[in-house]
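Step one of this worksheet: look at the structure below.
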Amino acid sequence: MQLNNQTYQIQGVNVLDIADEFGLPLYVYDANKIIEKIGALRDAFPGVNLKIKYAAKALTNVSILKLMRLQGIDIEVVSVNEARLALLAGFEPAQIMFTPSGNSWPEIQEALEMGLQLNADSLPLLELIGQMYGNKYPVALRINPSITEGGNLKIQTGHGNSKFGIPNDYRAEIKGIVEKYGIPLVGLHIHTGSDFKDGNTFLKIADVLFDLATDYPNLRFIDFGSGFKVAYRPGDHFTDLTDLGKKVSAAFRSFCDRYGRELELCFEPGKLLVSESGHLLTEVNVVKKNPTRTFAQVNSGLNHLIRPMMYDAYHHILNVSNPTGEEHLYDVVGYICETDTFATDRMLPEVRTGDVLSFENAGAYGFSMSSNYNSRPRPAEVLVYEGKPHLIRQRETFEDLLRGQEIIELETTVLNKIER
Ligand SMILES: *Cc1c(COP(=O)(O)O)cnc(C)c1O
């Protein structure tokens, strides 16, 4: 979103016009930002066989998935339903990597019948695949490297006490099962979490993967997961892709030399590709004061964007309808009947009832983590593509909240008996 002549624009379209056309609250995504991020990641890894697998859970709208496919990237899913969305977006089953974390066996079997690339996350699962499919189904393994990284405890997945992956300490057990059944092991994977503070973590992951890879001569790919940090606030630290690309590519090339074959170097970015592209547009319902604070209360809340309350995440806020107003301090809060704070002591151009506030970096884990809490419908989603806003998901209605509910007959006499 850019400020041109005192109006915020996305690809030259006035954001207030988008708000008028589609109503608020509204998720708006800029396709160009997504394309730009994919390009930047590619450019950072010259001279290696790079494969990008978009982590669909960050933002699962089928039109977004389709945009990803048209950029020539693959996809990573964590449920069979995400895989179904990917198929609807036109991905081939072989382009879809399925990384369960404790999913049920029937769900995993469905994934295998669909022909997805399985990334097994436990020894019992690996054993079961061996028993059921013998040497027929190629699998990858998610390894837990016992490395603590990630922006906060809730998004750290690679430490020794986390539920994720197969602990690297079980190297012998892994090999035992693979050899017992002749399971074709085609990939090794580590995803240690989101928002790495230190880009060198990828090099530590590389060491673990390269070492383990020497046990398996027929690998096709090594997957470094994700963890790319994006800048949420002005001046925020973010992953330097060029620097990372240089270091990891060099390590990877020398590994491939030792291994004796060119392998694919995979990443699974979610946040990196979609965070910046997304804006949650809201309308200010009321500006109210108490003796010490001024609250700007918007027509949205943790039901639509849970990151501030769940992860203490900072989201930059723009007053789209009053960009040049005099600045004051506000607590920006939602309409949910529960503490529902987007920002405390935030300097914003004067906020008035009816103003449009935009929560920036809302593309990743925004809509995809939204809910109907307080019986609120979820917002519509709009994709700005080639200079035009397109509705890619309708706003929910009251009927959507009722769908599936069975309103049963209740015998009032029973209630009366209890009362007496
Ligand atoms: C969530 C997830 C990702 C994406 O993480 P980001 O921080 O959004 O890039 C990648 N791989 C796996 C297995 C995940 O669960």
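Order determines the names: the first chain of the structure tokens is A, the second B, and so forth; residues in each chain are numbered 1 upward, and ligands are numbered 1 upward as they are shown.
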Can you tell me which residues sit at most 7 Å away from ligand 1, counting only C-alpha atoms and all ligand atoms, written as a ChimeraX atom specification?
/A:55,57-58,76,78,99,191,193-195,225-228,268-272,364
Quick one: residues within 7 Å of region 280-284 of chain A, only C-alpha atoms, excluding same-chain residues fewer than 3 positions away - as a PDB file with N, CA, C and O atoms, in the first residue's frame?
```
ATOM      1  N   LEU A  24     -16.688  -3.234   4.544  1.00  0.00           N
ATOM      2  CA  LEU A  24     -15.693  -3.500   5.584  1.00  0.00           C
ATOM      3  C   LEU A  24     -16.322  -4.323   6.706  1.00  0.00           C
ATOM      4  O   LEU A  24     -17.526  -4.227   6.905  1.00  0.00           O
ATOM      5  N   PRO A  25     -15.542  -5.090   7.429  1.00  0.00           N
ATOM      6  CA  PRO A  25     -14.106  -5.312   7.274  1.00  0.00           C
ATOM      7  C   PRO A  25     -13.801  -6.145   6.024  1.00  0.00           C
ATOM      8  O   PRO A  25     -14.662  -6.877   5.538  1.00  0.00           O
ATOM      9  N   LEU A  26     -12.563  -6.045   5.565  1.00  0.00           N
ATOM     10  CA  LEU A  26     -12.201  -6.657   4.288  1.00  0.00           C
ATOM     11  C   LEU A  26     -10.719  -7.017   4.277  1.00  0.00           C
ATOM     12  O   LEU A  26      -9.884  -6.217   4.704  1.00  0.00           O
ATOM     13  N   TYR A  27     -10.416  -8.212   3.795  1.00  0.00           N
ATOM     14  CA  TYR A  27      -9.025  -8.569   3.534  1.00  0.00           C
ATOM     15  C   TYR A  27      -8.705  -8.249   2.074  1.00  0.00           C
ATOM     16  O   TYR A  27      -9.435  -8.684   1.173  1.00  0.00           O
ATOM     17  N   VAL A  28      -7.649  -7.475   1.855  1.00  0.00           N
ATOM     18  CA  VAL A  28      -7.225  -7.139   0.491  1.00  0.00           C
ATOM     19  C   VAL A  28      -5.789  -7.618   0.301  1.00  0.00           C
ATOM     20  O   VAL A  28      -4.927  -7.358   1.144  1.00  0.00           O
ATOM     21  N   ALA A 296      -9.577   3.617  19.939  1.00  0.00           N
ATOM     22  CA  ALA A 296     -10.197   3.585  18.621  1.00  0.00           C
ATOM     23  C   ALA A 296     -10.697   2.166  18.441  1.00  0.00           C
ATOM     24  O   ALA A 296      -9.908   1.214  18.406  1.00  0.00           O
ATOM     25  N   GLN A 297     -12.030   2.033  18.358  1.00  0.00           N
ATOM     26  CA  GLN A 297     -12.620   0.692  18.357  1.00  0.00           C
ATOM     27  C   GLN A 297     -13.139   0.384  16.949  1.00  0.00           C
ATOM     28  O   GLN A 297     -13.958   1.137  16.430  1.00  0.00           O
ATOM     29  N   VAL A 298     -12.631  -0.686  16.358  1.00  0.00           N
ATOM     30  CA  VAL A 298     -12.941  -0.964  14.947  1.00  0.00           C
ATOM     31  C   VAL A 298     -13.924  -2.125  14.806  1.00  0.00           C
ATOM     32  O   VAL A 298     -14.154  -2.876  15.756  1.00  0.00           O
ATOM     33  N   ASN A 299     -14.488  -2.261  13.595  1.00  0.00           N
ATOM     34  CA  ASN A 299     -15.498  -3.308  13.367  1.00  0.00           C
ATOM     35  C   ASN A 299     -14.844  -4.640  12.989  1.00  0.00           C
ATOM     36  O   ASN A 299     -15.185  -5.275  12.004  1.00  0.00           O
ATOM     37  N   SER A 300     -13.876  -5.032  13.798  1.00  0.00           N
ATOM     38  CA  SER A 300     -13.194  -6.307  13.623  1.00  0.00           C
ATOM     39  C   SER A 300     -12.581  -6.654  14.967  1.00  0.00           C
ATOM     40  O   SER A 300     -12.794  -5.920  15.943  1.00  0.00           O
ATOM     41  N   THR A 353     -14.634   8.627  14.007  1.00  0.00           N
ATOM     42  CA  THR A 353     -15.632   7.603  13.702  1.00  0.00           C
ATOM     43  C   THR A 353     -15.791   7.508  12.184  1.00  0.00           C
ATOM     44  O   THR A 353     -15.864   8.536  11.509  1.00  0.00           O
ATOM     45  N   GLY A 354     -15.800   6.283  11.671  1.00  0.00           N
ATOM     46  CA  GLY A 354     -15.976   6.097  10.225  1.00  0.00           C
ATOM     47  C   GLY A 354     -14.667   6.029   9.454  1.00  0.00           C
ATOM     48  O   GLY A 354     -14.668   5.674   8.275  1.00  0.00           O
ATOM     49  N   ASP A 355     -13.553   6.361  10.107  1.00  0.00           N
ATOM     50  CA  ASP A 355     -12.270   6.251   9.400  1.00  0.00           C
ATOM     51  C   ASP A 355     -11.965   4.787   9.052  1.00  0.00           C
ATOM     52  O   ASP A 355     -12.415   3.861   9.734  1.00  0.00           O
ATOM     53  N   VAL A 356     -11.176   4.619   8.001  1.00  0.00           N
ATOM     54  CA  VAL A 356     -10.748   3.282   7.592  1.00  0.00           C
ATOM     55  C   VAL A 356      -9.323   3.048   8.098  1.00  0.00           C
ATOM     56  O   VAL A 356      -8.400   3.777   7.733  1.00  0.00           O
ATOM     57  N   LEU A 357      -9.173   2.064   8.979  1.00  0.00           N
ATOM     58  CA  LEU A 357      -7.833   1.699   9.458  1.00  0.00           C
ATOM     59  C   LEU A 357      -7.403   0.408   8.777  1.00  0.00           C
ATOM     60  O   LEU A 357      -8.187  -0.537   8.670  1.00  0.00           O
ATOM     61  N   SER A 358      -6.161   0.378   8.336  1.00  0.00           N
ATOM     62  CA  SER A 358      -5.622  -0.834   7.722  1.00  0.00           C
ATOM     63  C   SER A 358      -4.581  -1.469   8.632  1.00  0.00           C
ATOM     64  O   SER A 358      -3.659  -0.800   9.092  1.00  0.00           O
ATOM     65  N   PHE A 359      -4.741  -2.762   8.878  1.00  0.00           N
ATOM     66  CA  PHE A 359      -3.724  -3.528   9.597  1.00  0.00           C
ATOM     67  C   PHE A 359      -2.821  -4.147   8.535  1.00  0.00           C
ATOM     68  O   PHE A 359      -3.281  -4.918   7.687  1.00  0.00           O
ATOM     69  N   GLU A 360      -1.553  -3.767   8.599  1.00  0.00           N
ATOM     70  CA  GLU A 360      -0.604  -4.195   7.577  1.00  0.00           C
ATOM     71  C   GLU A 360      -0.030  -5.570   7.891  1.00  0.00           C
ATOM     72  O   GLU A 360      -0.148  -6.059   9.028  1.00  0.00           O
ATOM     73  N   ALA A 362      -1.025  -8.431   6.982  1.00  0.00           N
ATOM     74  CA  ALA A 362      -2.110  -9.293   7.459  1.00  0.00           C
ATOM     75  C   ALA A 362      -2.372 -10.465   6.521  1.00  0.00           C
ATOM     76  O   ALA A 362      -3.348 -11.193   6.691  1.00  0.00           O
TER      77      ALA A 362
END
```
Could you check how far CA of Lys197 (chain A) sits from CA of Met369 (chain A), in Å to one decimal?
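Taking CA of Lys197 (chain A) as the start and CA of Met369 (chain A) as the end point, the length is 23.5 Å.
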Select from region 311-413 of chain A every residue with an atom at most 10 Å from any atom of region 151-165 of chain A, then for each give the shortest pair of atoms and their distance in Å to one decimal, using only C-alpha atoms, rows by chain and rising number, as CSV.
```
residue,atom,partner,partner_atom,distance
A:Tyr311,CA,A:Lys154,CA,7.4
A:Asp312,CA,A:Asn152,CA,9.3
A:Ala313,CA,A:Gly151,CA,9.8
```
12 Å contact set for Ser254 (chain A), only C-alpha atoms, chain neighbours under 5 positions out, as a count of residues only
13
Within 8 Å of region 170-186 of chain A, counting only C-alpha atoms, which residues show up once you throw out same-chain ones fewer than 5 positions away? Write them as a PyMOL selection string, please.
chain A and resi 123+126-127+130-131+134-141+212+215-216+218-221
Give me the residues within 9 Å of Gly23 (chain A) as JSON, numbers by chain, counting only C-alpha atoms and dropping any in the same chain fewer than 4 places off.
{"A": [18, 19, 379, 380, 395]}
From the DSSP assignment of the backbone, select every residue of region 39-258 of chain A that is strand (DSSP E or B), and format the answer as JSON, numbers by chain.
{"A": [49, 50, 51, 52, 53, 54, 55, 74, 75, 76, 77, 96, 97, 98, 117, 118, 119, 120, 139, 140, 141, 142, 143, 144, 156, 166, 167, 185, 186, 187, 188, 189, 193, 221, 222, 223]}
Skipping near chain neighbours, those fewer than 6 positions away, what residues fall within 12 Å of Gly12 (chain A) using only C-alpha atoms, listed as a list in words?
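What passes the distance filter is Met1, Gln2, Leu3, Asn4, Asn5, Ile18, Asp30, Asn32, Val384, Tyr385, Glu386, Gly387, Lys388 and Pro389 of chain A.
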Could you pull the residues within 10 Å of Leu302 (chain A), counting only C-alpha atoms, minus those fewer than 3 positions along the same chain, as a PyMOL selection string?
chain A and resi 305-310+333-336+338-342+366+369-373
